[in-house]
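Engineer: Take a look at the following structure, please.
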Amino acid sequence: MIARGVVRHEFSTQLRRYVLVSLSMLLGVVGTVAIALANSVAAEMLVAQQEQLNGREATFEAPLAEYPRDDAGASLVALLDELDATTGPSVAVHLEATVPMSLSRDPDAPPAGGVQVTSSWTIGATVDEIRRMPVIEGSMPPASCYPAAVALNEEAAARLGAGPGTLIHRIGDNGAALPLAVSGIVADGNAEAQAYGAWESLACADEPLLLAAQLTVRAHADPGAQPVLDEVLRQAAPRHRVAEAGFHRLDTVEQVREQVATLTLLFGVSSALLLTVATLGIANVGIASVAERARELVVRRAFGATRLDVFAQVLTGAALIGTVVSALAILLAVIGTYVLVPALIPAASSISPPVFPWLACAAGVVAAMATSLLGSLVPAVAATRLPIARALRG
Amino acid sequence: MTGPVLQATGLTARVPGRGGSPILRDVDLSVEEGESVAIVGRSGSGKSTLLTILGLLQPPAAGDVLIAGTSTRRLGDTARARKRSRAIGFVFQDYALIRELDVRGNLEMPLDYAGVRSRRDRRERVAAALDAVGMGGRERMRPGRLSGGEQQRVAIARALVTRPRIVLADEPTGALDTATGDQVIRLLAGVTRVAGSCLIMVTHDPVVAASADRVLRLDDGVLHPEGTP
């Protein structure tokens, strides 16, 4: 076993060199962890953008054919009930009526004088269960009748100069004004003006308008429940006037994940290159160090150090450095994950803060140890082969 | 104590490589406890080779080195290192102090390999060795802050700190001026005698050699007493 004093001496004599090696290794390992974190954030940004615009991963939609006025309400409720009953709680389903509207704060505005928005009225699962849609101000609209409540996206809110609590009006073609209370502002990722409300609210106020709208059924399942959902939707389609096109996948998360996989591969290759450079750097410093320390090492051998002592002396230093660098890398990863990256994500963003990159950290620790040991192996072996008989002469 | 502390019998060494010419030819040597021996000779006569073999730094091509009557011929590399750590101290011409360590660190280094773990024991041994060479109280100084003579004193203390039976010195005054060299050589001979160790030194300086109890000359790999043809 290597003597404690030898390790202490090793560090006191080689401090500058170990600092250099540590920096080289830290660069490699922190680079690996940072790359993993950046990859995770980049992937999350791309996925978040897609889920905000189109729907969460595994979201399906189908347009509904026009319903006869007399049984429309009952048919739609039956469709929702059937989907709810057959898909269970792991699937969020809603019906959406999409209606273009002219909105204005002035109830006496002429029909074409308002802000043109696309309004979506849903029943069943809420919009934010289907899409990532963070509320920036206020709240999602309740299913209230008088007045009906809506949430505006940022563009609509800006153009109307409205915020939570503002009363606005839908100006009908005949100039009639329908009061709408703004409950909040949402970030939907859409550049066009949009309004969101509960189906029940519009049903109270103007059911014919609702049923004349484009109707769409949308369902989101956990990715694991996707096969069940596919089957349920396929069977329900013919009974509920689902348009011939049938259900189609709305979200593009899978495609994004494929792109991210390529990105991950590139990041992985970059990490491997970084670590290789770090290993070569450590080996280089180590070999130079052994050449520089040859006299000291043979003097130690003369005074009784065995080959194993010298080998262990060089490797123990490397192992300790690996441990210290691993701890530093984990600390930096914690700071990055819980402090730095969240601070860079805007509050109203749909991007979730990254989860702690345990896998990258574990890989980083293994890489730090492997890098330090591999990088020190050649110098350690070289140190044991120094010609001890030359100890007598400098 | 009965018998010599160090005995060499029939030592032969050759220049490395197949059919290398001989450096040492059938060298016999016997050194008693407390005795000092100087080995003189021309450059390239094999003095340093003889010292490395006596110090178990390299095995001879033939012959044996006995330490306190125990043969070392069959010892492996590790066993030879263990033997060196406990039985042999070295003094080098260039002092060979580790410049990044202070005086205490330099003296503790051989204690690490000799298995002296007790902190108190280590402190006492370091203090005693430094006192013996007149360097007491200088434990925290770095070698670079010491003069050549002081560094060689520290090197002598380092050679003695493990209380070895044998001290081997290669040109111990080679890097010192005459006056300092005289002081150092008297010190070296004195402290090894007091410690009960035997001293074998290689030198080309007749004054240094004259301070030893016995002077041997190495000519063409053959060792014989000084003054004999």
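As shown in the structure tokens, the chain order sets the letters A, B, ...; within each chain, residues go from 1, and ligands are also counted from 1 in the order they appear.
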Tell me, which residues of stretch 165-328 of chain A carry DSSP alpha helix (DSSP H), written as a JSON list (two decimals) with N, CA and C atoms, in the first residue's frame?
Structural biologist:
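New file states-v9.json:
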```json
[["chain", "number", "residue", "atom", "x", "y", "z"],
["A", 199, "TRP", "N", -66.35, 25.72, -24.89],
["A", 199, "TRP", "CA", -67.50, 25.42, -25.78],
["A", 199, "TRP", "C", -68.81, 25.85, -25.13],
["A", 200, "GLU", "N", -68.95, 25.53, -23.82],
["A", 200, "GLU", "CA", -70.20, 25.82, -23.12],
["A", 200, "GLU", "C", -70.51, 27.32, -23.14],
["A", 201, "SER", "N", -69.48, 28.15, -23.07],
["A", 201, "SER", "CA", -69.70, 29.60, -23.04],
["A", 201, "SER", "C", -70.33, 30.06, -24.35],
["A", 202, "LEU", "N", -69.79, 29.59, -25.48],
["A", 202, "LEU", "CA", -70.33, 30.02, -26.76],
["A", 202, "LEU", "C", -71.69, 29.37, -27.02],
["A", 203, "ALA", "N", -71.85, 28.14, -26.48],
["A", 203, "ALA", "CA", -73.13, 27.45, -26.65],
["A", 203, "ALA", "C", -74.25, 28.26, -25.99],
["A", 204, "CYS", "N", -73.97, 28.84, -24.82],
["A", 204, "CYS", "CA", -74.96, 29.68, -24.13],
["A", 204, "CYS", "C", -75.31, 30.89, -24.98],
["A", 205, "ALA", "N", -74.24, 31.48, -25.56],
["A", 205, "ALA", "CA", -74.43, 32.77, -26.20],
["A", 205, "ALA", "C", -74.92, 32.67, -27.64],
["A", 206, "ASP", "N", -74.40, 31.70, -28.35],
["A", 206, "ASP", "CA", -74.73, 31.66, -29.78],
["A", 206, "ASP", "C", -74.46, 30.25, -30.32],
["A", 207, "GLU", "N", -75.38, 29.29, -29.96],
["A", 207, "GLU", "CA", -75.15, 27.89, -30.35],
["A", 207, "GLU", "C", -75.12, 27.70, -31.87],
["A", 208, "PRO", "N", -75.96, 28.36, -32.62],
["A", 208, "PRO", "CA", -75.91, 28.17, -34.08],
["A", 208, "PRO", "C", -74.54, 28.53, -34.66],
["A", 209, "LEU", "N", -73.96, 29.58, -34.14],
["A", 209, "LEU", "CA", -72.63, 29.97, -34.61],
["A", 209, "LEU", "C", -71.62, 28.85, -34.35],
["A", 210, "LEU", "N", -71.75, 28.25, -33.16],
["A", 210, "LEU", "CA", -70.85, 27.18, -32.76],
["A", 210, "LEU", "C", -70.95, 25.98, -33.70],
["A", 211, "LEU", "N", -72.23, 25.59, -34.00],
["A", 211, "LEU", "CA", -72.42, 24.38, -34.80],
["A", 211, "LEU", "C", -72.13, 24.61, -36.29],
["A", 226, "GLN", "N", -50.66, 5.02, -27.24],
["A", 226, "GLN", "CA", -50.98, 5.40, -28.61],
["A", 226, "GLN", "C", -51.66, 4.28, -29.41],
["A", 227, "PRO", "N", -51.22, 3.01, -29.31],
["A", 227, "PRO", "CA", -51.90, 1.97, -30.09],
["A", 227, "PRO", "C", -53.38, 1.83, -29.73],
["A", 228, "VAL", "N", -53.71, 1.96, -28.42],
["A", 228, "VAL", "CA", -55.10, 1.85, -27.98],
["A", 228, "VAL", "C", -55.90, 2.99, -28.61],
["A", 229, "LEU", "N", -55.33, 4.19, -28.54],
["A", 229, "LEU", "CA", -56.04, 5.36, -29.07],
["A", 229, "LEU", "C", -56.29, 5.19, -30.57],
["A", 230, "ASP", "N", -55.27, 4.74, -31.27],
["A", 230, "ASP", "CA", -55.43, 4.52, -32.71],
["A", 230, "ASP", "C", -56.64, 3.65, -33.00],
["A", 231, "GLU", "N", -56.76, 2.56, -32.25],
["A", 231, "GLU", "CA", -57.83, 1.60, -32.48],
["A", 231, "GLU", "C", -59.19, 2.20, -32.14],
["A", 232, "VAL", "N", -59.27, 2.90, -31.01],
["A", 232, "VAL", "CA", -60.54, 3.51, -30.58],
["A", 232, "VAL", "C", -61.01, 4.52, -31.60],
["A", 233, "LEU", "N", -60.09, 5.37, -32.04],
["A", 233, "LEU", "CA", -60.47, 6.41, -32.99],
["A", 233, "LEU", "C", -60.89, 5.80, -34.32],
["A", 234, "ARG", "N", -60.21, 4.72, -34.73],
["A", 234, "ARG", "CA", -60.56, 4.07, -36.00],
["A", 234, "ARG", "C", -61.98, 3.53, -35.95],
["A", 235, "GLN", "N", -62.35, 2.94, -34.78],
["A", 235, "GLN", "CA", -63.69, 2.35, -34.66],
["A", 235, "GLN", "C", -64.76, 3.44, -34.51],
["A", 236, "ALA", "N", -64.44, 4.53, -33.84],
["A", 236, "ALA", "CA", -65.43, 5.58, -33.60],
["A", 236, "ALA", "C", -65.72, 6.39, -34.86],
["A", 253, "VAL", "N", -43.65, 15.69, -32.97],
["A", 253, "VAL", "CA", -42.60, 15.47, -31.98],
["A", 253, "VAL", "C", -41.66, 14.33, -32.41],
["A", 254, "GLU", "N", -42.25, 13.31, -33.04],
["A", 254, "GLU", "CA", -41.39, 12.19, -33.45],
["A", 254, "GLU", "C", -40.32, 12.64, -34.44],
["A", 255, "GLN", "N", -40.77, 13.47, -35.41],
["A", 255, "GLN", "CA", -39.79, 13.98, -36.38],
["A", 255, "GLN", "C", -38.72, 14.81, -35.68],
["A", 256, "VAL", "N", -39.18, 15.62, -34.70],
["A", 256, "VAL", "CA", -38.23, 16.45, -33.96],
["A", 256, "VAL", "C", -37.24, 15.56, -33.22],
["A", 257, "ARG", "N", -37.77, 14.50, -32.63],
["A", 257, "ARG", "CA", -36.89, 13.60, -31.87],
["A", 257, "ARG", "C", -35.86, 12.96, -32.81],
["A", 258, "GLU", "N", -36.29, 12.66, -34.02],
["A", 258, "GLU", "CA", -35.32, 12.09, -34.98],
["A", 258, "GLU", "C", -34.22, 13.09, -35.28],
["A", 259, "GLN", "N", -34.65, 14.36, -35.45],
["A", 259, "GLN", "CA", -33.63, 15.41, -35.69],
["A", 259, "GLN", "C", -32.71, 15.55, -34.48],
["A", 260, "VAL", "N", -33.34, 15.47, -33.29],
["A", 260, "VAL", "CA", -32.57, 15.61, -32.05],
["A", 260, "VAL", "C", -31.58, 14.45, -31.91],
["A", 261, "ALA", "N", -32.01, 13.25, -32.35],
["A", 261, "ALA", "CA", -31.12, 12.09, -32.25],
["A", 261, "ALA", "C", -29.85, 12.34, -33.05],
["A", 262, "THR", "N", -30.01, 12.94, -34.22],
["A", 262, "THR", "CA", -28.83, 13.28, -35.04],
["A", 262, "THR", "C", -27.96, 14.29, -34.30],
["A", 263, "LEU", "N", -28.67, 15.27, -33.68],
["A", 263, "LEU", "CA", -27.95, 16.31, -32.92],
["A", 263, "LEU", "C", -27.19, 15.67, -31.75],
["A", 264, "THR", "N", -27.89, 14.72, -31.08],
["A", 264, "THR", "CA", -27.28, 14.04, -29.93],
["A", 264, "THR", "C", -26.02, 13.29, -30.37],
["A", 265, "LEU", "N", -26.13, 12.65, -31.56],
["A", 265, "LEU", "CA", -24.98, 11.91, -32.08],
["A", 265, "LEU", "C", -23.81, 12.86, -32.31],
["A", 266, "LEU", "N", -24.12, 14.02, -32.89],
["A", 266, "LEU", "CA", -23.06, 15.01, -33.14],
["A", 266, "LEU", "C", -22.45, 15.48, -31.82],
["A", 267, "PHE", "N", -23.33, 15.74, -30.85],
["A", 267, "PHE", "CA", -22.86, 16.17, -29.54],
["A", 267, "PHE", "C", -22.00, 15.08, -28.89],
["A", 268, "GLY", "N", -22.46, 13.83, -29.05],
["A", 268, "GLY", "CA", -21.72, 12.70, -28.47],
["A", 268, "GLY", "C", -20.32, 12.60, -29.07],
["A", 269, "VAL", "N", -20.25, 12.77, -30.39],
["A", 269, "VAL", "CA", -18.95, 12.70, -31.07],
["A", 269, "VAL", "C", -18.06, 13.84, -30.56],
["A", 270, "SER", "N", -18.69, 15.03, -30.39],
["A", 270, "SER", "CA", -17.91, 16.18, -29.88],
["A", 270, "SER", "C", -17.37, 15.87, -28.49],
["A", 271, "SER", "N", -18.23, 15.25, -27.64],
["A", 271, "SER", "CA", -17.78, 14.90, -26.28],
["A", 271, "SER", "C", -16.62, 13.93, -26.34],
["A", 272, "ALA", "N", -16.77, 12.91, -27.19],
["A", 272, "ALA", "CA", -15.71, 11.90, -27.29],
["A", 272, "ALA", "C", -14.40, 12.55, -27.73],
["A", 273, "LEU", "N", -14.52, 13.49, -28.69],
["A", 273, "LEU", "CA", -13.31, 14.19, -29.16],
["A", 273, "LEU", "C", -12.68, 15.01, -28.04],
["A", 274, "LEU", "N", -13.55, 15.70, -27.28],
["A", 274, "LEU", "CA", -13.06, 16.51, -26.16],
["A", 274, "LEU", "C", -12.30, 15.63, -25.17],
["A", 275, "LEU", "N", -12.92, 14.48, -24.85],
["A", 275, "LEU", "CA", -12.29, 13.59, -23.85],
["A", 275, "LEU", "C", -10.99, 13.01, -24.39],
["A", 276, "THR", "N", -11.00, 12.69, -25.69],
["A", 276, "THR", "CA", -9.77, 12.15, -26.28],
["A", 276, "THR", "C", -8.65, 13.19, -26.20],
["A", 277, "VAL", "N", -9.01, 14.43, -26.53],
["A", 277, "VAL", "CA", -8.00, 15.50, -26.46],
["A", 277, "VAL", "C", -7.51, 15.65, -25.03],
["A", 278, "ALA", "N", -8.47, 15.59, -24.07],
["A", 278, "ALA", "CA", -8.09, 15.71, -22.65],
["A", 278, "ALA", "C", -7.14, 14.58, -22.25],
["A", 279, "THR", "N", -7.48, 13.34, -22.70],
["A", 279, "THR", "CA", -6.64, 12.18, -22.35],
["A", 279, "THR", "C", -5.23, 12.35, -22.92],
["A", 280, "LEU", "N", -5.19, 12.77, -24.20],
["A", 280, "LEU", "CA", -3.88, 12.97, -24.82],
["A", 280, "LEU", "C", -3.10, 14.06, -24.09],
["A", 281, "GLY", "N", -3.83, 15.11, -23.71],
["A", 281, "GLY", "CA", -3.19, 16.21, -22.96],
["A", 281, "GLY", "C", -2.62, 15.71, -21.65],
["A", 282, "ILE", "N", -3.39, 14.89, -20.96],
["A", 282, "ILE", "CA", -2.93, 14.38, -19.66],
["A", 282, "ILE", "C", -1.72, 13.47, -19.86],
["A", 283, "ALA", "N", -1.82, 12.61, -20.89],
["A", 283, "ALA", "CA", -0.70, 11.69, -21.15],
["A", 283, "ALA", "C", 0.55, 12.50, -21.50],
["A", 284, "ASN", "N", 0.34, 13.55, -22.29],
["A", 284, "ASN", "CA", 1.46, 14.38, -22.71],
["A", 284, "ASN", "C", 2.12, 15.05, -21.52],
["A", 285, "VAL", "N", 1.26, 15.65, -20.67],
["A", 285, "VAL", "CA", 1.79, 16.30, -19.46],
["A", 285, "VAL", "C", 2.49, 15.27, -18.59],
["A", 286, "GLY", "N", 1.88, 14.08, -18.48],
["A", 286, "GLY", "CA", 2.44, 13.02, -17.64],
["A", 286, "GLY", "C", 3.80, 12.56, -18.13],
["A", 287, "ILE", "N", 3.90, 12.36, -19.45],
["A", 287, "ILE", "CA", 5.18, 11.88, -20.00],
["A", 287, "ILE", "C", 6.26, 12.94, -19.81],
["A", 288, "ALA", "N", 5.88, 14.20, -20.09],
["A", 288, "ALA", "CA", 6.83, 15.29, -19.89],
["A", 288, "ALA", "C", 7.23, 15.35, -18.42],
["A", 289, "SER", "N", 6.25, 15.12, -17.57],
["A", 289, "SER", "CA", 6.50, 15.17, -16.13],
["A", 289, "SER", "C", 7.49, 14.10, -15.69],
["A", 290, "VAL", "N", 7.31, 12.90, -16.23],
["A", 290, "VAL", "CA", 8.21, 11.80, -15.85],
["A", 290, "VAL", "C", 9.63, 12.10, -16.32],
["A", 291, "ALA", "N", 9.72, 12.65, -17.54],
["A", 291, "ALA", "CA", 11.05, 13.00, -18.06],
["A", 291, "ALA", "C", 11.70, 14.05, -17.16],
["A", 292, "GLU", "N", 10.88, 15.01, -16.75],
["A", 292, "GLU", "CA", 11.39, 16.11, -15.93],
["A", 292, "GLU", "C", 11.73, 15.64, -14.51],
["A", 294, "ALA", "N", 12.62, 12.57, -13.68],
["A", 294, "ALA", "CA", 13.35, 11.30, -13.70],
["A", 294, "ALA", "C", 14.34, 11.22, -12.53],
["A", 295, "ARG", "N", 15.04, 12.32, -12.29],
["A", 295, "ARG", "CA", 16.05, 12.31, -11.22],
["A", 295, "ARG", "C", 15.38, 12.05, -9.87],
["A", 296, "GLU", "N", 14.30, 12.77, -9.62],
["A", 296, "GLU", "CA", 13.60, 12.60, -8.34],
["A", 296, "GLU", "C", 13.11, 11.15, -8.19],
["A", 297, "LEU", "N", 12.56, 10.61, -9.27],
["A", 297, "LEU", "CA", 11.99, 9.26, -9.17],
["A", 297, "LEU", "C", 13.07, 8.20, -8.95],
["A", 298, "VAL", "N", 14.23, 8.35, -9.61],
["A", 298, "VAL", "CA", 15.28, 7.34, -9.38],
["A", 298, "VAL", "C", 15.89, 7.50, -7.98],
["A", 299, "VAL", "N", 15.91, 8.73, -7.47],
["A", 299, "VAL", "CA", 16.39, 8.92, -6.09],
["A", 299, "VAL", "C", 15.43, 8.24, -5.12],
["A", 300, "ARG", "N", 14.14, 8.37, -5.40],
["A", 300, "ARG", "CA", 13.15, 7.67, -4.55],
["A", 300, "ARG", "C", 13.38, 6.16, -4.62],
["A", 301, "ARG", "N", 13.63, 5.68, -5.84],
["A", 301, "ARG", "CA", 13.89, 4.24, -6.00],
["A", 301, "ARG", "C", 15.14, 3.85, -5.20],
["A", 302, "ALA", "N", 16.17, 4.69, -5.26],
["A", 302, "ALA", "CA", 17.40, 4.38, -4.52],
["A", 302, "ALA", "C", 17.12, 4.27, -3.03],
["A", 307, "ARG", "N", 9.05, -0.53, -7.73],
["A", 307, "ARG", "CA", 8.41, -0.11, -8.99],
["A", 307, "ARG", "C", 6.93, 0.16, -8.74],
["A", 308, "LEU", "N", 6.32, -0.70, -7.91],
["A", 308, "LEU", "CA", 4.89, -0.53, -7.62],
["A", 308, "LEU", "C", 4.63, 0.78, -6.89],
["A", 309, "ASP", "N", 5.55, 1.13, -5.97],
["A", 309, "ASP", "CA", 5.41, 2.41, -5.25],
["A", 309, "ASP", "C", 5.37, 3.57, -6.23],
["A", 310, "VAL", "N", 6.31, 3.55, -7.17],
["A", 310, "VAL", "CA", 6.41, 4.65, -8.14],
["A", 310, "VAL", "C", 5.17, 4.66, -9.05],
["A", 311, "PHE", "N", 4.78, 3.46, -9.50],
["A", 311, "PHE", "CA", 3.60, 3.32, -10.35],
["A", 311, "PHE", "C", 2.37, 3.86, -9.62],
["A", 312, "ALA", "N", 2.21, 3.40, -8.36],
["A", 312, "ALA", "CA", 1.05, 3.82, -7.57],
["A", 312, "ALA", "C", 1.09, 5.31, -7.27],
["A", 313, "GLN", "N", 2.31, 5.83, -7.06],
["A", 313, "GLN", "CA", 2.45, 7.26, -6.77],
["A", 313, "GLN", "C", 1.88, 8.10, -7.92],
["A", 314, "VAL", "N", 2.23, 7.72, -9.13],
["A", 314, "VAL", "CA", 1.75, 8.48, -10.30],
["A", 314, "VAL", "C", 0.25, 8.26, -10.49],
["A", 315, "LEU", "N", -0.20, 6.99, -10.35],
["A", 315, "LEU", "CA", -1.61, 6.71, -10.58],
["A", 315, "LEU", "C", -2.52, 7.22, -9.46],
["A", 316, "THR", "N", -2.03, 7.19, -8.22],
["A", 316, "THR", "CA", -2.86, 7.67, -7.12],
["A", 316, "THR", "C", -3.17, 9.15, -7.31],
["A", 317, "GLY", "N", -2.16, 9.88, -7.74],
["A", 317, "GLY", "CA", -2.39, 11.29, -8.03],
["A", 317, "GLY", "C", -3.48, 11.44, -9.08],
["A", 318, "ALA", "N", -3.39, 10.60, -10.12],
["A", 318, "ALA", "CA", -4.37, 10.67, -11.20],
["A", 318, "ALA", "C", -5.78, 10.35, -10.69],
["A", 319, "ALA", "N", -5.87, 9.31, -9.84],
["A", 319, "ALA", "CA", -7.18, 8.91, -9.33],
["A", 319, "ALA", "C", -7.77, 10.03, -8.46],
["A", 320, "LEU", "N", -6.93, 10.65, -7.64],
["A", 320, "LEU", "CA", -7.42, 11.74, -6.79],
["A", 320, "LEU", "C", -7.89, 12.91, -7.65],
["A", 321, "ILE", "N", -7.12, 13.19, -8.70],
["A", 321, "ILE", "CA", -7.52, 14.27, -9.60],
["A", 321, "ILE", "C", -8.85, 13.93, -10.26],
["A", 322, "GLY", "N", -8.97, 12.68, -10.70],
["A", 322, "GLY", "CA", -10.22, 12.24, -11.33],
["A", 322, "GLY", "C", -11.40, 12.46, -10.40],
["A", 323, "THR", "N", -11.21, 12.12, -9.10],
["A", 323, "THR", "CA", -12.28, 12.27, -8.12],
["A", 323, "THR", "C", -12.64, 13.74, -7.92],
["A", 324, "VAL", "N", -11.60, 14.57, -7.77],
["A", 324, "VAL", "CA", -11.85, 16.00, -7.55],
["A", 324, "VAL", "C", -12.55, 16.61, -8.76],
["A", 325, "VAL", "N", -12.05, 16.25, -9.95],
["A", 325, "VAL", "CA", -12.65, 16.80, -11.17],
["A", 325, "VAL", "C", -14.09, 16.33, -11.33],
["A", 326, "SER", "N", -14.36, 15.06, -10.98],
["A", 326, "SER", "CA", -15.73, 14.54, -11.06],
["A", 326, "SER", "C", -16.64, 15.36, -10.16],
["A", 327, "ALA", "N", -16.18, 15.59, -8.92],
["A", 327, "ALA", "CA", -16.99, 16.35, -7.97],
["A", 327, "ALA", "C", -17.25, 17.76, -8.50],
["A", 328, "LEU", "N", -16.21, 18.37, -9.06],
["A", 328, "LEU", "CA", -16.36, 19.72, -9.62],
["A", 328, "LEU", "C", -17.35, 19.72, -10.79]]
```
Engineer: Starting from chain B, keep only residues with some atom at most 7 Å from an atom of chain A, counting only C-alpha atoms, and report them as a PyMOL selection string.
Structural biologist: chain B and resi 52+57-58+78+81-82+84-85+89+92+94+98+100-101+110+112-113+170
Engineer: When you draw a straight line from atom CA of B:Val215 to atom CA of B:Thr203, how long is it in Å?
Structural biologist: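 Between these atoms lies a distance of 10.1 Å.
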Engineer: Counting only C-alpha atoms, what is within 8 Å of A:Pro100, bar same-chain residues fewer than 6 positions away, as a ChimeraX atom specification?
Structural biologist: /A:116-119
Engineer: Residues of the last selection are to be written out with C-alpha atoms, as a PDB file, in the first residue's frame.
Structural biologist:
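Result went into out.pdb, see below:
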```pdb
ATOM      1  CA  GLN A 116     -59.879  39.652 -36.964  1.00  0.00           C
ATOM      2  CA  VAL A 117     -59.072  36.625 -34.823  1.00  0.00           C
ATOM      3  CA  THR A 118     -59.495  32.896 -35.059  1.00  0.00           C
ATOM      4  CA  SER A 119     -61.386  31.678 -32.006  1.00  0.00           C
TER       5      SER A 119
END
```
Engineer: Per DSSP on the backbone, filter stretch 99-187 of chain B down to the residues in strand (DSSP E or B) and report them as a PyMOL selection string.
Structural biologist: chain B and resi 166-170
Engineer: Export, as a PDB file, in the first residue's frame, the selected residues with all heavy atoms.
Structural biologist:
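Dumped everything to out-v4.pdb:
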```pdb
ATOM      1  N   ILE B 166      24.657   0.736   6.249  1.00  0.00           N
ATOM      2  CA  ILE B 166      25.652   1.084   5.225  1.00  0.00           C
ATOM      3  C   ILE B 166      25.321   2.456   4.635  1.00  0.00           C
ATOM      4  O   ILE B 166      24.161   2.719   4.316  1.00  0.00           O
ATOM      5  CB  ILE B 166      25.616   0.041   4.080  1.00  0.00           C
ATOM      6  CG1 ILE B 166      25.868  -1.359   4.635  1.00  0.00           C
ATOM      7  CG2 ILE B 166      26.596   0.396   2.967  1.00  0.00           C
ATOM      8  CD1 ILE B 166      25.316  -2.458   3.764  1.00  0.00           C
ATOM      9  N   VAL B 167      26.355   3.302   4.505  1.00  0.00           N
ATOM     10  CA  VAL B 167      26.168   4.577   3.794  1.00  0.00           C
ATOM     11  C   VAL B 167      27.112   4.572   2.592  1.00  0.00           C
ATOM     12  O   VAL B 167      28.304   4.334   2.738  1.00  0.00           O
ATOM     13  CB  VAL B 167      26.463   5.784   4.707  1.00  0.00           C
ATOM     14  CG1 VAL B 167      26.402   7.090   3.899  1.00  0.00           C
ATOM     15  CG2 VAL B 167      25.471   5.843   5.864  1.00  0.00           C
ATOM     16  N   LEU B 168      26.530   4.822   1.408  1.00  0.00           N
ATOM     17  CA  LEU B 168      27.326   4.865   0.185  1.00  0.00           C
ATOM     18  C   LEU B 168      27.344   6.307  -0.319  1.00  0.00           C
ATOM     19  O   LEU B 168      26.285   6.940  -0.422  1.00  0.00           O
ATOM     20  CB  LEU B 168      26.707   3.961  -0.884  1.00  0.00           C
ATOM     21  CG  LEU B 168      26.559   2.480  -0.486  1.00  0.00           C
ATOM     22  CD1 LEU B 168      25.855   1.707  -1.608  1.00  0.00           C
ATOM     23  CD2 LEU B 168      27.915   1.855  -0.188  1.00  0.00           C
ATOM     24  N   ALA B 169      28.532   6.811  -0.594  1.00  0.00           N
ATOM     25  CA  ALA B 169      28.654   8.201  -1.024  1.00  0.00           C
ATOM     26  C   ALA B 169      29.441   8.257  -2.320  1.00  0.00           C
ATOM     27  O   ALA B 169      30.530   7.688  -2.418  1.00  0.00           O
ATOM     28  CB  ALA B 169      29.341   9.029   0.064  1.00  0.00           C
ATOM     29  N   ASP B 170      28.851   8.920  -3.321  1.00  0.00           N
ATOM     30  CA  ASP B 170      29.512   9.045  -4.613  1.00  0.00           C
ATOM     31  C   ASP B 170      30.015  10.470  -4.777  1.00  0.00           C
ATOM     32  O   ASP B 170      29.216  11.396  -4.921  1.00  0.00           O
ATOM     33  CB  ASP B 170      28.512   8.703  -5.724  1.00  0.00           C
ATOM     34  CG  ASP B 170      29.179   8.679  -7.088  1.00  0.00           C
ATOM     35  OD1 ASP B 170      30.389   8.391  -7.147  1.00  0.00           O
ATOM     36  OD2 ASP B 170      28.495   8.958  -8.079  1.00  0.00           O
TER      37      ASP B 170
END
```
Engineer: What's the 7 Å shell around stretch 26-31 of chain B, counting only C-alpha atoms, without same-chain residues fewer than 3 positions away, as a compact mmCIF listing (two decimals) with N, CA and C atoms, in the first residue's frame?
Structural biologist:
```txt
# COMPACT_ATOMS: atom_id res chain seq x y z
N PRO B 4 31.52 -8.98 8.85
CA PRO B 4 31.41 -7.69 8.18
C PRO B 4 29.94 -7.28 7.95
N VAL B 5 29.73 -5.97 7.92
CA VAL B 5 28.37 -5.46 7.60
C VAL B 5 28.11 -5.64 6.12
N LEU B 6 29.13 -5.37 5.33
CA LEU B 6 28.98 -5.48 3.88
C LEU B 6 30.11 -6.33 3.33
N GLN B 7 29.73 -7.29 2.52
CA GLN B 7 30.75 -8.16 1.93
C GLN B 7 30.41 -8.40 0.47
N ALA B 8 31.40 -8.21 -0.37
CA ALA B 8 31.20 -8.50 -1.79
C ALA B 8 32.17 -9.60 -2.18
N THR B 9 31.66 -10.59 -2.94
CA THR B 9 32.55 -11.69 -3.33
C THR B 9 32.45 -11.93 -4.82
N GLY B 10 33.57 -11.88 -5.48
CA GLY B 10 33.66 -12.22 -6.91
C GLY B 10 32.79 -11.37 -7.81
N LEU B 11 32.66 -10.08 -7.49
CA LEU B 11 31.77 -9.23 -8.30
C LEU B 11 32.34 -9.00 -9.68
N THR B 12 31.48 -9.24 -10.66
CA THR B 12 31.86 -9.00 -12.04
C THR B 12 30.75 -8.17 -12.69
N GLU B 35 33.39 1.22 10.04
CA GLU B 35 34.59 1.45 9.22
C GLU B 35 34.25 2.35 8.04
N CYS B 198 28.73 1.69 8.41
CA CYS B 198 29.97 1.71 7.66
C CYS B 198 29.81 2.67 6.50
N VAL B 222 39.84 -4.01 -11.37
CA VAL B 222 40.40 -4.84 -10.29
C VAL B 222 40.61 -3.94 -9.07
N LEU B 223 40.18 -4.43 -7.92
CA LEU B 223 40.26 -3.64 -6.69
C LEU B 223 41.45 -4.12 -5.86
```
Engineer: Using only C-alpha atoms, which residues sit within 10 Å of A:Ala333 once same-chain residues fewer than 2 positions away are excluded, as a PyMOL selection string?
Structural biologist: chain A and resi 30+33-34+36-37+327-331+335-340+356-358+360-361
Engineer: Give me the residues within 12 Å of B:Arg73 as a ChimeraX atom specification, counting only C-alpha atoms and dropping any in the same chain fewer than 5 places off.
Structural biologist: /B:8-11,53-54,56,58-67,79-80
